[in-house]
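Q: For reference, the structure I am asking about is given below.
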Amino acid sequence: MKTIEDLKPLIDMLQEIQHLSSAGALLSWDQETYMPPGGGGARAEQLSVLGTLVHEKRVGEGMKRLLSQWLDLETGKIQGGGSVWDEPAYGLLREVWTDYSKRLKLPSDFVRRIGKAASLSHQVWVEARKKNDFSLFAPHLKIMIALKKEEASYLGYADSPYDPLLDSYEPGMTVKQVVPLFTALKAELVPILEKVVASQVKPKGDFLCFSYPVERQLTFGQEILKAMGYKFQDGRQDISAHPFTTSFHPTDVRMTTRVDEKDLCSSLFSSIHEGGHALYEQGLPPEHFGSPLGEAISLGIHESQSRLWENCVGRSRPFWQHFYPILQEHFSDQLKNINLDEYYAGINIVRPSLIRVEADELTYNLHIMVRFEIEKALIEGDLDVDALPGVWKEKMKEYLGVVPESDADGVLQDVHWSGGAIGYFPTYTLGNLYAAQIFRQAKKEIPELCPQIEMGDLLTLKRWLNKKIHRWGRQYPSEDLLQRVTGESLNPRYFIEALKEKFGEIYQFS
Ligand code: ZN
């Protein structure tokens with residue numbers, strides 16, 4: 001049987017490309033953390049040169065020659081099929097061809113045009129948001145929508161032009177799957193939300209906005225990251241406007257956070273969230289660096305790792321049973337009169353609000369549904385950009401019962417559309433659903449998991465995730481991976497059950 005040893009020339013080339021790409025990622029990391037403002041122009045040029053170089057190598061003659069030795073470049077059919085290749089080699093060839101053929105479908109002139117338009121549109125969005133003026137952004141959004149439709153036509157689709165865009169973030173996922181999933185989810189979420197809103201129990205959260213010195217907040221967050229098994233010798237944490245995680249190699253995985261003296265939750269939960277992303281990247285097999293076997297499988301699965309740590313663990317009672325007394329030691333003045341129950345209810349307050357990134361676990365997915373419906377309609381041609389602010393308000397009223405007074409707090413709040421990231425939003429909700437299903441399986445397989453978490457032992461869970469999810473890279477498509485890990489395909493029931501249990505207890509309903 002042939003193995004990945006037989007693919008060495010291909011793997012060498014993929015590694016070379018990945019090193020170039022990692023150099024670009026390092027430049028981007030620097031841009032978001034330490035670059036002086038004056039460096040912006042030159043940095044954009046550097047990133048563009050590197051990006052072009054990487055793209056040319058990925059679709060160039062060298063790659064074509066190598067790939068054609070083992071597969072049909074037109075169809076992706078691997079010579080000899082699964083009987084000649086072992087599983088890793090077969091998976092590697094399948095994924096390399098998927099990337100290659102997708103990239104080849106986009107004409108280089110189009111890639112240049114959309115790159116330029118996205119960069120300009122992003123700049124205008126920043127300004128429009130600051131000035132609360134949608135009319136500034138509208139012409140650019142129209143251009144981006146037209147370009148994304150053009151992209152969909154190059155990539156090809158059977159049912160909806162939204163499908164190939166969604167597929168580039170969550171391979172294999174389609175509108176046909178997402179619509180019924182979201183409809184079912186909405187039907188379950190809304191009654192839970194109604195019960196929460198009607199409940200007599202009104203947890204207090206004012207103590208979360210006392211003054212918390214930022215240095216101590218960061219120190220505490222890093223203690224938690226260490227307990228999660230994040231290796232600081234293979235990473236670091238810095239400050240940026242928007243928290244993110246980036247990897248140059250499994251031995252250098254960096255994350256950022258933002259920290260606000262008047263908001264204990266912001267840095268704390270963003271650190272745990274990014275920590276979940278970072279554990280995935282540190283857990284990818286270094287021996288497969290550069291090849292798909294050393295990469296994360298999809299954005300949805302990536303998000304499942306961050307949400308699992310942030311919500312299933314970080315907002316759970318067992319977790320705080322151990323960590324709350326430590327938190328109280330760090331902030332004895334602020335928290336001395338707050339007991340564990342009050343703290344736990346405080347960090348889990350449900351409140352329908354305008355801003356997605358500040359939303360609680362229960363209402364978060366309703367924000368995503370609003371965006372999904374709108375971007376799908378924009379791409380399918382059922383909605384005009386000029387109608388967006390009005391439609392946004394209608395949908396927010398319908399889903400969350402709140403209406404923004406300004407577009408800055410409404411349709412202009414998210415960065416995604418400005419840069420052409422259309423089809424991205426659903427991966428957040430998929431991540432939440434995957435997370436609940438995966439965490440439930442972990443508890444089933446490790447009966448002592450919750451008692452361990454209560455004792456502050458998070459490493460058992462980390463190792464389980466390493467073994468079940470991280471180490472596989474892209475060997476199994478997300479649906480297969482989920483099936484292998486949990487024994488069934490995506491099932492929103494587990495997410496709903498977990499929410500009912502948690503909020504039923506906090507808000508005292510059944
Ligand atoms: Zn995330």
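Chain identifiers are assigned as A, B, and so on, following the order in which chains appear in the structure tokens; residues are numbered from 1 within each chain, and ligands are numbered from 1 in order of appearance.
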Per residue of chain A within 9 Å of ligand 1, record the nearest atom pair and its distance in Å to one decimal, counting only C-alpha atoms and all ligand atoms, with rows in chain order and ascending residue number, as JSON lines.
A:
{"residue": "A:Pro243", "atom": "CA", "partner": "ligand 1", "partner_atom_place_in_ligand_line": "1 (Zn)", "distance": 8.8}
{"residue": "A:Phe244", "atom": "CA", "partner": "ligand 1", "partner_atom_place_in_ligand_line": "1 (Zn)", "distance": 7.5}
{"residue": "A:Thr245", "atom": "CA", "partner": "ligand 1", "partner_atom_place_in_ligand_line": "1 (Zn)", "distance": 8.3}
{"residue": "A:Ser270", "atom": "CA", "partner": "ligand 1", "partner_atom_place_in_ligand_line": "1 (Zn)", "distance": 8.7}
{"residue": "A:His273", "atom": "CA", "partner": "ligand 1", "partner_atom_place_in_ligand_line": "1 (Zn)", "distance": 6.4}
{"residue": "A:Glu274", "atom": "CA", "partner": "ligand 1", "partner_atom_place_in_ligand_line": "1 (Zn)", "distance": 6.4}
{"residue": "A:Gly276", "atom": "CA", "partner": "ligand 1", "partner_atom_place_in_ligand_line": "1 (Zn)", "distance": 8.3}
{"residue": "A:His277", "atom": "CA", "partner": "ligand 1", "partner_atom_place_in_ligand_line": "1 (Zn)", "distance": 6.7}
{"residue": "A:Leu299", "atom": "CA", "partner": "ligand 1", "partner_atom_place_in_ligand_line": "1 (Zn)", "distance": 8.6}
{"residue": "A:His302", "atom": "CA", "partner": "ligand 1", "partner_atom_place_in_ligand_line": "1 (Zn)", "distance": 7.3}
{"residue": "A:Glu303", "atom": "CA", "partner": "ligand 1", "partner_atom_place_in_ligand_line": "1 (Zn)", "distance": 5.0}
{"residue": "A:Ser304", "atom": "CA", "partner": "ligand 1", "partner_atom_place_in_ligand_line": "1 (Zn)", "distance": 8.3}
{"residue": "A:Gln305", "atom": "CA", "partner": "ligand 1", "partner_atom_place_in_ligand_line": "1 (Zn)", "distance": 8.3}
{"residue": "A:Ser306", "atom": "CA", "partner": "ligand 1", "partner_atom_place_in_ligand_line": "1 (Zn)", "distance": 5.6}
{"residue": "A:Arg307", "atom": "CA", "partner": "ligand 1", "partner_atom_place_in_ligand_line": "1 (Zn)", "distance": 7.2}
{"residue": "A:Tyr428", "atom": "CA", "partner": "ligand 1", "partner_atom_place_in_ligand_line": "1 (Zn)", "distance": 7.5}
{"residue": "A:Gly431", "atom": "CA", "partner": "ligand 1", "partner_atom_place_in_ligand_line": "1 (Zn)", "distance": 8.7}
Q: Show me a table, sorted first by chain and then by increasing residue number, of the residues of range 230-266 of chain A having an atom at most 12 Å from range 310-330 of chain A, each with its shortest atom pair and the distance in Å to one decimal, counting only C-alpha atoms and written as a Markdown table.
A:
| residue | atom | partner | partner_atom | distance |
| --- | --- | --- | --- | --- |
| A:Leu264 | CA | A:Leu327 | CA | 10.6 |
| A:Cys265 | CA | A:Arg315 | CA | 10.6 |
| A:Ser266 | CA | A:Glu310 | CA | 11.7 |
Q: Could you save those same residues with C-alpha atoms as a PDB file, in the first residue's frame?
A:
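Written out: result.pdb:
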ATOM      1  CA  LEU A 264     -14.476  41.572  34.043  1.00  0.00           C
ATOM      2  CA  CYS A 265     -16.056  39.287  31.418  1.00  0.00           C
ATOM      3  CA  SER A 266     -14.606  40.780  28.248  1.00  0.00           C
TER       4      SER A 266
END
Q: Extract the full set of helix (DSSP H, G or I) residues from range 106-312 of chain A according to DSSP on the backbone, and format it as a PyMOL selection string.
A: chain A and resi 108-131+134-155+162-167+175-198+206-209+214-228+232-234+264-282+286-288+292-294+299-312
Q: For the atom pair CA of Ile506 in chain A and CA of Tyr344 in chain A, what is the interatomic distance in Å to one decimal place?
A: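 It comes out at 8.7 Å.
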Q: What lies within 7 Å of range 362-379 of chain A using only C-alpha atoms, ignoring chain neighbours under 2 positions off, as a short mmCIF file (atom, residue, chain, number, x, y, z; two decimals) with all heavy atoms, in the first residue's frame?
A:
data_model
loop_
_atom_site.label_atom_id
_atom_site.label_comp_id
_atom_site.auth_asym_id
_atom_site.auth_seq_id
_atom_site.Cartn_x
_atom_site.Cartn_y
_atom_site.Cartn_z
N ILE A 145 -21.11 42.52 -3.07
CA ILE A 145 -22.13 41.50 -3.35
C ILE A 145 -22.02 41.02 -4.80
O ILE A 145 -22.06 39.82 -5.07
CB ILE A 145 -23.56 42.05 -3.07
CG1 ILE A 145 -23.73 42.44 -1.59
CG2 ILE A 145 -24.63 41.04 -3.48
CD1 ILE A 145 -23.66 41.29 -0.60
N LYS A 149 -21.15 37.24 -6.01
CA LYS A 149 -21.99 36.48 -6.95
C LYS A 149 -21.13 35.96 -8.10
O LYS A 149 -21.30 34.83 -8.56
CB LYS A 149 -23.10 37.38 -7.51
CG LYS A 149 -24.23 37.65 -6.53
CD LYS A 149 -25.30 38.45 -7.28
CE LYS A 149 -26.42 38.90 -6.37
NZ LYS A 149 -27.32 39.85 -7.03
N PRO A 161 -26.51 30.07 -5.18
CA PRO A 161 -25.18 30.69 -5.30
C PRO A 161 -24.53 30.90 -3.93
O PRO A 161 -23.32 31.15 -3.84
CB PRO A 161 -25.46 32.03 -5.99
CG PRO A 161 -26.91 32.30 -5.82
CD PRO A 161 -27.58 30.95 -5.70
N TYR A 162 -25.33 30.81 -2.87
CA TYR A 162 -24.77 30.95 -1.52
C TYR A 162 -23.95 29.71 -1.14
O TYR A 162 -23.02 29.80 -0.33
CB TYR A 162 -25.93 31.15 -0.53
CG TYR A 162 -25.51 31.48 0.89
CD1 TYR A 162 -25.18 32.78 1.26
CD2 TYR A 162 -25.46 30.48 1.86
CE1 TYR A 162 -24.81 33.08 2.57
CE2 TYR A 162 -25.09 30.78 3.16
CZ TYR A 162 -24.77 32.07 3.51
OH TYR A 162 -24.40 32.37 4.80
N VAL A 350 -29.14 36.36 30.71
CA VAL A 350 -29.68 36.40 29.35
C VAL A 350 -30.39 37.73 29.15
O VAL A 350 -31.24 38.10 29.95
CB VAL A 350 -30.68 35.25 29.12
CG1 VAL A 350 -31.36 35.39 27.76
CG2 VAL A 350 -29.98 33.90 29.24
N PRO A 352 -31.76 39.95 25.65
CA PRO A 352 -31.75 40.24 24.21
C PRO A 352 -31.14 41.62 23.99
O PRO A 352 -31.55 42.58 24.64
CB PRO A 352 -33.23 40.24 23.83
CG PRO A 352 -33.90 39.46 24.91
CD PRO A 352 -33.11 39.70 26.16
N ARG A 356 -24.09 41.58 18.48
CA ARG A 356 -23.81 40.15 18.44
C ARG A 356 -22.67 39.74 19.36
O ARG A 356 -22.82 38.79 20.14
CB ARG A 356 -23.46 39.74 16.99
CG ARG A 356 -23.01 38.29 16.84
CD ARG A 356 -22.55 37.99 15.43
NE ARG A 356 -21.43 38.82 15.01
CZ ARG A 356 -20.15 38.51 15.19
NH1 ARG A 356 -19.81 37.38 15.77
NH2 ARG A 356 -19.19 39.32 14.78
N ALA A 359 -23.54 39.24 22.89
CA ALA A 359 -24.74 38.45 23.18
C ALA A 359 -24.43 37.27 24.09
O ALA A 359 -23.32 36.74 24.10
CB ALA A 359 -25.35 37.94 21.88
N ASP A 360 -25.45 36.85 24.86
CA ASP A 360 -25.30 35.69 25.73
C ASP A 360 -25.46 34.41 24.91
O ASP A 360 -25.84 34.44 23.74
CB ASP A 360 -26.36 35.77 26.83
CG ASP A 360 -27.74 35.91 26.23
OD1 ASP A 360 -28.30 34.91 25.77
OD2 ASP A 360 -28.26 37.06 26.18
N GLY A 381 -30.22 37.31 -4.71
CA GLY A 381 -30.84 38.37 -5.51
C GLY A 381 -32.23 38.76 -5.05
O GLY A 381 -32.97 39.42 -5.79
N ASP A 382 -32.63 38.36 -3.84
CA ASP A 382 -33.97 38.68 -3.37
C ASP A 382 -34.03 39.95 -2.52
O ASP A 382 -35.07 40.31 -2.00
CB ASP A 382 -34.52 37.52 -2.50
CG ASP A 382 -34.55 36.23 -3.27
OD1 ASP A 382 -34.75 36.31 -4.50
OD2 ASP A 382 -34.37 35.15 -2.67
N LEU A 383 -32.89 40.59 -2.34
CA LEU A 383 -32.85 41.75 -1.45
C LEU A 383 -31.84 42.75 -2.00
O LEU A 383 -30.76 42.37 -2.45
CB LEU A 383 -32.42 41.28 -0.04
CG LEU A 383 -32.23 42.35 1.03
CD1 LEU A 383 -33.53 43.09 1.31
CD2 LEU A 383 -31.72 41.71 2.33
N ASP A 384 -32.26 44.01 -1.98
CA ASP A 384 -31.39 45.06 -2.47
C ASP A 384 -30.64 45.71 -1.30
O ASP A 384 -31.21 45.90 -0.22
CB ASP A 384 -32.24 46.10 -3.20
CG ASP A 384 -31.36 47.07 -3.96
OD1 ASP A 384 -30.74 46.64 -4.94
OD2 ASP A 384 -31.27 48.24 -3.54
N LYS A 395 -36.00 42.38 11.16
CA LYS A 395 -35.59 41.04 11.59
C LYS A 395 -35.15 41.02 13.06
O LYS A 395 -35.40 40.05 13.77
CB LYS A 395 -34.48 40.50 10.69
CG LYS A 395 -34.97 40.17 9.30
CD LYS A 395 -34.18 39.05 8.67
CE LYS A 395 -34.67 38.74 7.27
NZ LYS A 395 -35.91 37.94 7.26
N MET A 396 -34.50 42.09 13.49
CA MET A 396 -34.10 42.15 14.90
C MET A 396 -35.34 42.16 15.79
O MET A 396 -35.38 41.52 16.84
CB MET A 396 -33.25 43.41 15.17
CG MET A 396 -31.82 43.33 14.68
SD MET A 396 -30.85 41.98 15.44
CE MET A 396 -30.58 42.64 17.08
N TYR A 399 -36.78 38.51 15.66
CA TYR A 399 -36.01 37.47 16.33
C TYR A 399 -35.70 37.78 17.79
O TYR A 399 -35.69 36.90 18.63
CB TYR A 399 -34.68 37.23 15.59
CG TYR A 399 -34.81 36.31 14.41
CD1 TYR A 399 -35.23 36.78 13.17
CD2 TYR A 399 -34.52 34.95 14.53
CE1 TYR A 399 -35.36 35.93 12.09
CE2 TYR A 399 -34.65 34.10 13.46
CZ TYR A 399 -35.07 34.59 12.24
OH TYR A 399 -35.20 33.75 11.18
N LEU A 400 -35.36 39.04 18.07
CA LEU A 400 -34.87 39.36 19.41
C LEU A 400 -35.74 40.35 20.17
O LEU A 400 -35.53 40.58 21.36
CB LEU A 400 -33.44 39.90 19.32
CG LEU A 400 -32.41 38.80 19.02
CD1 LEU A 400 -31.47 39.23 17.92
CD2 LEU A 400 -31.65 38.43 20.26
N ILE A 422 -18.74 36.48 3.17
CA ILE A 422 -20.17 36.13 3.13
C ILE A 422 -20.28 34.61 3.10
O ILE A 422 -19.61 33.96 2.28
CB ILE A 422 -20.83 36.79 1.90
CG1 ILE A 422 -20.83 38.30 2.12
CG2 ILE A 422 -22.24 36.25 1.68
CD1 ILE A 422 -21.28 39.10 0.93
N PHE A 425 -20.94 33.63 8.67
CA PHE A 425 -21.74 33.67 9.90
C PHE A 425 -22.29 32.31 10.37
O PHE A 425 -22.23 32.01 11.55
CB PHE A 425 -22.88 34.69 9.79
CG PHE A 425 -22.41 36.11 9.97
CD1 PHE A 425 -22.56 37.04 8.96
CD2 PHE A 425 -21.82 36.51 11.16
CE1 PHE A 425 -22.12 38.36 9.13
CE2 PHE A 425 -21.38 37.82 11.35
CZ PHE A 425 -21.53 38.74 10.32
N PRO A 426 -22.83 31.49 9.45
CA PRO A 426 -23.40 30.22 9.93
C PRO A 426 -22.40 29.36 10.70
O PRO A 426 -22.80 28.58 11.57
CB PRO A 426 -23.84 29.51 8.65
CG PRO A 426 -24.09 30.61 7.68
CD PRO A 426 -23.08 31.67 8.01
N THR A 429 -22.82 29.48 14.51
CA THR A 429 -23.88 28.66 15.11
C THR A 429 -23.55 27.17 14.99
O THR A 429 -23.75 26.40 15.93
CB THR A 429 -25.23 28.99 14.44
OG1 THR A 429 -25.63 30.29 14.89
CG2 THR A 429 -26.30 27.99 14.82
#
Q: Between CA of Leu284 in chain A and CA of Pro250 in chain A, what is the distance in Å, rounded to a tenth?
A: 6.3 Å
Q: Excluding Lys2 in chain A and residues on its chain fewer than 5 positions from it, collect all residues at most 12 Å away from it, counting only C-alpha atoms, and give them as a list of chain:residue names.
A: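 The contact residues come out as A:Leu7, A:Lys8, A:Trp70, A:Gln79, A:Gly80, A:Gly81, A:Gly82, A:Ser83, A:Val84, A:Trp85, A:Asp86, A:Glu87, A:Pro88, A:Ala89, A:Tyr90, A:Leu93.
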Q: Filtering to N, CA and C atoms, could you give me those residues as an mmCIF file, in the first residue's frame?
A:
data_model
loop_
_atom_site.group_PDB
_atom_site.id
_atom_site.type_symbol
_atom_site.label_atom_id
_atom_site.label_comp_id
_atom_site.auth_asym_id
_atom_site.auth_seq_id
_atom_site.Cartn_x
_atom_site.Cartn_y
_atom_site.Cartn_z
ATOM 1 N N LEU A 7 4.545 10.431 -1.216
ATOM 2 C CA LEU A 7 4.142 11.767 -1.676
ATOM 3 C C LEU A 7 5.164 12.831 -1.258
ATOM 4 N N LYS A 8 6.377 12.375 -0.913
ATOM 5 C CA LYS A 8 7.350 13.306 -0.323
ATOM 6 C C LYS A 8 7.588 14.577 -1.152
ATOM 7 N N TRP A 70 -0.449 11.743 -9.614
ATOM 8 C CA TRP A 70 -1.242 10.866 -8.747
ATOM 9 C C TRP A 70 -2.754 10.978 -8.929
ATOM 10 N N GLN A 79 -5.554 8.138 -8.651
ATOM 11 C CA GLN A 79 -5.182 6.923 -9.378
ATOM 12 C C GLN A 79 -5.097 5.716 -8.452
ATOM 13 N N GLY A 80 -5.802 4.673 -8.820
ATOM 14 C CA GLY A 80 -5.795 3.458 -8.015
ATOM 15 C C GLY A 80 -6.846 3.470 -6.916
ATOM 16 N N GLY A 81 -7.361 4.658 -6.581
ATOM 17 C CA GLY A 81 -8.416 4.757 -5.566
ATOM 18 C C GLY A 81 -7.951 4.334 -4.185
ATOM 19 N N GLY A 82 -8.899 4.111 -3.314
ATOM 20 C CA GLY A 82 -8.607 3.826 -1.907
ATOM 21 C C GLY A 82 -7.935 2.481 -1.678
ATOM 22 N N SER A 83 -7.890 1.630 -2.709
ATOM 23 C CA SER A 83 -7.263 0.321 -2.493
ATOM 24 C C SER A 83 -5.750 0.393 -2.632
ATOM 25 N N VAL A 84 -5.268 1.471 -3.272
ATOM 26 C CA VAL A 84 -3.825 1.594 -3.472
ATOM 27 C C VAL A 84 -3.195 2.446 -2.368
ATOM 28 N N TRP A 85 -3.945 3.412 -1.868
ATOM 29 C CA TRP A 85 -3.405 4.374 -0.894
ATOM 30 C C TRP A 85 -3.928 4.081 0.508
ATOM 31 N N ASP A 86 -3.092 4.296 1.496
ATOM 32 C CA ASP A 86 -3.620 4.177 2.856
ATOM 33 C C ASP A 86 -4.435 5.441 3.186
ATOM 34 N N GLU A 87 -5.118 5.398 4.310
ATOM 35 C CA GLU A 87 -6.105 6.447 4.604
ATOM 36 C C GLU A 87 -5.504 7.868 4.663
ATOM 37 N N PRO A 88 -4.381 8.052 5.392
ATOM 38 C CA PRO A 88 -3.830 9.414 5.438
ATOM 39 C C PRO A 88 -3.418 9.942 4.059
ATOM 40 N N ALA A 89 -2.770 9.109 3.278
ATOM 41 C CA ALA A 89 -2.311 9.559 1.962
ATOM 42 C C ALA A 89 -3.501 9.887 1.062
ATOM 43 N N TYR A 90 -4.520 9.060 1.162
ATOM 44 C CA TYR A 90 -5.714 9.266 0.356
ATOM 45 C C TYR A 90 -6.399 10.583 0.755
ATOM 46 N N LEU A 93 -4.317 13.595 -0.510
ATOM 47 C CA LEU A 93 -4.491 13.889 -1.942
ATOM 48 C C LEU A 93 -5.867 14.510 -2.213
#
Q: Extract, using only C-alpha atoms, all DNA, RNA and protein residues at most 9 Å from Phe220 in chain A, discarding same-chain residues fewer than 2 positions from it, and format them as a list in words.
A: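 Within the cut-off, the hits are Glu215, Arg216, Gln217, Leu218, Gln222, Glu223, Ile224, Leu225, Leu268, Ile326, Leu327 and His330 of chain A.
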Q: For range 319-345 of chain A versus range 194-209 of chain A, which residues have an atom no more than 9 Å away, and what is each residue's nearest atom pair and distance in Å rounded to one decimal, using only C-alpha atoms, chain-then-number order, as a tab-separated table?
A:
residue	atom	partner	partner_atom	distance
A:Gln334	CA	A:Phe207	CA	7.2
A:Leu335	CA	A:Phe207	CA	7.4
A:Ile338	CA	A:Phe207	CA	8.1
A:Glu342	CA	A:Pro203	CA	7.2
A:Tyr343	CA	A:Gly205	CA	7.9
A:Ala345	CA	A:Pro203	CA	5.8
Q: Would you list, as a list in words, the residues of range 158-352 of chain A that end up in strand (DSSP E) under DSSP run on this structure's backbone?
A: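 Across range 158-352 of chain A, those assigned strand (DSSP E) are Gly235, Arg236, Gln237, Asp238, Ile239, Thr245, Thr246, Ser247, Phe248, His249, Asp252, Val253, Arg254, Met255, Thr256 and Thr257 of chain A.
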Q: I want to know what sits within 10 Å of range 233-235 of chain A, based on only C-alpha atoms, with residues of the same chain fewer than 2 positions away left out; could you give that as number ranges by chain?
A: A: 230-231, 237, 246-255, 278, 282
Q: Could you write those residues out with all heavy atoms, as a compact mmCIF listing (two decimals), in the first residue's frame?
A:
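Listing of out.txt after writing:
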# COMPACT_ATOMS: atom_id res chain seq x y z
N TYR A 230 -2.81 25.18 27.49
CA TYR A 230 -2.17 26.02 26.47
C TYR A 230 -0.71 26.19 26.84
O TYR A 230 -0.38 26.52 27.98
CB TYR A 230 -2.87 27.38 26.39
CG TYR A 230 -2.20 28.38 25.47
CD1 TYR A 230 -2.28 28.24 24.09
CD2 TYR A 230 -1.46 29.44 25.99
CE1 TYR A 230 -1.67 29.16 23.24
CE2 TYR A 230 -0.84 30.37 25.15
CZ TYR A 230 -0.94 30.22 23.78
OH TYR A 230 -0.32 31.12 22.95
N LYS A 231 0.18 25.91 25.87
CA LYS A 231 1.61 25.94 26.16
C LYS A 231 2.19 27.31 25.84
O LYS A 231 2.32 27.66 24.67
CB LYS A 231 2.33 24.85 25.34
CG LYS A 231 2.00 23.44 25.80
CD LYS A 231 2.71 22.40 24.95
CE LYS A 231 1.90 22.07 23.72
NZ LYS A 231 2.50 21.05 22.86
N GLN A 237 0.34 35.63 24.53
CA GLN A 237 -0.91 36.39 24.47
C GLN A 237 -0.58 37.88 24.46
O GLN A 237 0.23 38.34 25.25
CB GLN A 237 -1.78 36.08 25.69
CG GLN A 237 -3.16 36.72 25.62
CD GLN A 237 -3.97 36.57 26.90
OE1 GLN A 237 -3.43 36.70 28.00
NE2 GLN A 237 -5.25 36.29 26.77
N THR A 246 -3.76 33.14 15.93
CA THR A 246 -3.10 32.85 14.66
C THR A 246 -1.97 31.87 14.90
O THR A 246 -1.38 31.84 15.98
CB THR A 246 -2.58 34.15 14.00
OG1 THR A 246 -2.04 33.85 12.71
CG2 THR A 246 -1.50 34.83 14.83
N SER A 247 -1.70 31.05 13.89
CA SER A 247 -0.67 30.03 14.05
C SER A 247 0.32 30.09 12.89
O SER A 247 -0.08 30.25 11.74
CB SER A 247 -1.33 28.65 14.07
OG SER A 247 -0.34 27.65 13.99
N PHE A 248 1.61 29.97 13.24
CA PHE A 248 2.63 29.90 12.20
C PHE A 248 3.18 28.48 12.10
O PHE A 248 3.87 28.12 11.17
CB PHE A 248 3.77 30.88 12.51
CG PHE A 248 3.28 32.21 13.04
CD1 PHE A 248 3.77 32.75 14.20
CD2 PHE A 248 2.27 32.89 12.35
CE1 PHE A 248 3.28 33.97 14.69
CE2 PHE A 248 1.77 34.10 12.82
CZ PHE A 248 2.28 34.64 14.00
N HIS A 249 2.87 27.69 13.12
CA HIS A 249 3.34 26.31 13.26
C HIS A 249 2.76 25.84 14.59
O HIS A 249 2.50 26.69 15.47
CB HIS A 249 4.89 26.30 13.30
CG HIS A 249 5.49 24.92 13.23
ND1 HIS A 249 5.71 24.17 14.37
CD2 HIS A 249 5.91 24.18 12.18
CE1 HIS A 249 6.24 23.00 13.99
NE2 HIS A 249 6.37 22.98 12.69
N PRO A 250 2.53 24.53 14.80
CA PRO A 250 1.99 24.12 16.11
C PRO A 250 2.88 24.53 17.29
O PRO A 250 2.42 24.54 18.43
CB PRO A 250 1.93 22.59 16.00
CG PRO A 250 1.87 22.31 14.55
CD PRO A 250 2.62 23.42 13.86
N THR A 251 4.12 24.90 17.02
CA THR A 251 5.00 25.33 18.11
C THR A 251 5.04 26.85 18.27
O THR A 251 5.83 27.37 19.05
CB THR A 251 6.45 24.86 17.85
OG1 THR A 251 6.86 25.39 16.58
CG2 THR A 251 6.55 23.36 17.85
N ASP A 252 4.20 27.55 17.51
CA ASP A 252 4.12 29.01 17.66
C ASP A 252 2.70 29.47 17.33
O ASP A 252 2.39 29.85 16.21
CB ASP A 252 5.15 29.71 16.76
CG ASP A 252 5.27 31.19 17.08
OD1 ASP A 252 4.46 31.71 17.87
OD2 ASP A 252 6.18 31.85 16.52
N VAL A 253 1.84 29.37 18.34
CA VAL A 253 0.41 29.68 18.19
C VAL A 253 0.09 30.85 19.11
O VAL A 253 0.16 30.71 20.33
CB VAL A 253 -0.46 28.46 18.54
CG1 VAL A 253 -1.94 28.83 18.42
CG2 VAL A 253 -0.12 27.27 17.66
N ARG A 254 -0.24 31.98 18.53
CA ARG A 254 -0.41 33.19 19.35
C ARG A 254 -1.87 33.61 19.42
O ARG A 254 -2.61 33.44 18.47
CB ARG A 254 0.41 34.32 18.73
CG ARG A 254 1.85 33.90 18.58
CD ARG A 254 2.73 35.02 18.11
NE ARG A 254 4.06 34.49 17.82
CZ ARG A 254 5.11 35.23 17.55
NH1 ARG A 254 4.99 36.54 17.53
NH2 ARG A 254 6.28 34.67 17.30
N MET A 255 -2.22 34.18 20.55
CA MET A 255 -3.59 34.68 20.68
C MET A 255 -3.56 36.09 21.23
O MET A 255 -2.57 36.53 21.81
CB MET A 255 -4.40 33.77 21.59
CG MET A 255 -3.95 33.79 23.02
SD MET A 255 -5.08 32.84 24.04
CE MET A 255 -4.20 31.31 24.10
N ALA A 278 -6.70 28.08 20.17
CA ALA A 278 -5.25 27.87 20.23
C ALA A 278 -4.90 26.42 20.55
O ALA A 278 -3.93 25.87 20.02
CB ALA A 278 -4.63 28.81 21.25
N GLN A 282 -2.37 24.16 18.49
CA GLN A 282 -1.20 23.52 19.11
C GLN A 282 -1.32 22.00 19.06
O GLN A 282 -0.31 21.30 19.14
CB GLN A 282 -1.06 23.98 20.58
CG GLN A 282 -0.53 25.39 20.73
CD GLN A 282 -0.18 25.75 22.18
OE1 GLN A 282 -0.63 25.12 23.13
NE2 GLN A 282 0.64 26.80 22.33
